[in-house]
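J.: Quick one: the structure is below, and I'll ask about it shortly.
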Amino acid sequence: MVDIDAAIGFVVARGDAVDRARMNWLRAGIAPQEDAYSSLEMGQTPSGGWPAHWGDEVASIDATCFRLAELDDVGGLTRPAAVRALDWLANRQRPDGFWEEDRSLAASAPKWARPGDVEARFYLTTHAAFWLSAAAADAVGPGIGLDPAATPFHHVLELAGHAIRSSVEENGSWPGYLVSGWLAAAVLHRQAHFYESARIAVRMAERVREMSAADVASMAAALRRLGWSDQDSLLVAARQRLKETQRPDGAWPSDDAPAFDVHTTLAGIRAIR
């Protein structure tokens with residue numbers, strides 16, 4: 001079994017105040033002090049999005065999704081800042097259902113967010129649709145396959161679902177990044193497109209044994225966030241992989257640098273809590 005106590009101990013010992021606030025919410029639903037929220041919400045633009053560190057003052061889809069993920073870890077998805085960000089995301093959707101960063105960011109954006117790039121477009125679409133789906137799921141409860149007209153952002157998510165399905169091949173493959181696959185599967189599952197979601201899951205399951213701890217933790221957390229059953233074979237395989245990759249100190253290693261091990265360990269806690 002995964003040693004959840006050791007993981008919690010690692011966050012307590014190595015994390016900062018915001019990290020510990022995230023852990024307390026994930027474990028027990030304990031809301032943080034206002035200063036923790038203020039730290040996470042800092043720098044929001046008047047439009048509602050947040051700029052990326054590489055994008056000057058222009059609000060970024062990728063950066064806004066990252067902030068929403070952090071706020072979600074402390075139960076902040078219904079706070080005014082998050083609501084403004086979600087509305088901004090919804091209004092940034094293109095008529096064809098996809099999302100893409102502002103053209104003014106083309107020169108500075110990393111490859112996963114570069115305007116005009118097909119793989120970046122699919123990643124940003126799945127990411128934006130994921131957080132709009134999470135907000136909608138929180139608003140209507142745990143049911144799956146509800147009347148779309150009864151859910152927030154239903155027109156936006158309907159368009160997004162069509163865009164995602166049109167990009168996935170018959171064999172379940174998708175354009176670009178690994179993260180785009182599990183986000184797409186989560187969104188489609190929430191929309192009751194179970195066949196299309198399962199096709200992606202089959203391809204994902206083929207890769208679990210070679211996935212890094214950071215990827216498998218993020219995947220499992222995302223799927224659970226949008227209602228996947230703990231008994232689903234992909235989540236069972238993910239928990240096994242988390243058991244295999246947990247270090248003796250309780251942490252799961254980041255793919256980037258040791259400084260981000262706390263972030264990865266929090267994702268692991270979210271995945272198995």
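Residue numbering restarts at 1 in every chain; chains get A, B, ... in the order shown in the structure tokens, and ligands count up from 1 in that same order.
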Hey, what's within 8 Å of A:Ala136 if we count only C-alpha atoms and toss same-chain stuff fewer than 2 positions away? As a PyMOL selection string, please?

T.: chain A and resi 132-134+138-140+151-153

J.: Once you have the residues from the selection above, write them out as a JSON list (two decimals), in the first residue's frame, restricted to C-alpha atoms.

T.:
```json
[["chain", "number", "residue", "atom", "x", "y", "z"],
["A", 132, "LEU", "CA", -14.84, 24.33, -16.64],
["A", 133, "SER", "CA", -16.07, 20.73, -16.23],
["A", 134, "ALA", "CA", -14.84, 20.65, -12.63],
["A", 138, "ASP", "CA", -19.29, 21.03, -8.33],
["A", 139, "ALA", "CA", -22.38, 23.08, -9.18],
["A", 140, "VAL", "CA", -24.65, 20.16, -10.08],
["A", 151, "THR", "CA", -25.08, 22.54, -16.06],
["A", 152, "PRO", "CA", -22.99, 25.72, -16.02],
["A", 153, "PHE", "CA", -20.97, 26.40, -19.17]]
```

J.: Which residues are near stretch 119-124 of chain A? Cut-off 8 Å, only C-alpha atoms, ignore same chain within fewer than 6 positions. Put them as number ranges by chain.

T.: A: 61-62, 98-100, 111-113, 164, 167, 175-177, 179-180

J.: At a cut-off of 9 Å, using only C-alpha atoms, what residues contact stretch 219-236 of chain A? Leave out same-chain residues fewer than 2 positions from it and give the result as number ranges by chain.

T.: A: 130, 133-134, 137, 142-144, 179, 182-183, 185-187, 189-190, 201-202, 204-205, 208, 214-217, 238-241, 267-272

J.: Closest to A:Asn171 among A:Ala198, A:Ala237, A:Leu26, A:Val83, using only C-alpha atoms?

T.: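 Residue with the minimum atom-to-atom distance to A:Asn171: A:Ala198.
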
J.: Please provide as a list in words all residues within 8 Å of A:Ala36, with the sequence filter that same-chain residues fewer than 5 positions apart are discarded (counting only C-alpha atoms).

T.: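 Contacts, in chain order: Ala17, Val18 and Ala21 of chain A.
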
J.: Select from stretch 58-122 of chain A everything DSSP, run on the backbone, classes as alpha helix (DSSP H), then give the selection as a ChimeraX atom specification.

T.: /A:61-72,80-91,118-122

J.: Using only C-alpha atoms, which protein or nucleic acid residues come within 7 Å of stretch 243-260 of chain A? Drop anything in the same chain fewer than 3 positions from it, and give the result as a PyMOL selection string.

T.: chain A and resi 1-3+6-7+10+213-214+239-240+263-265
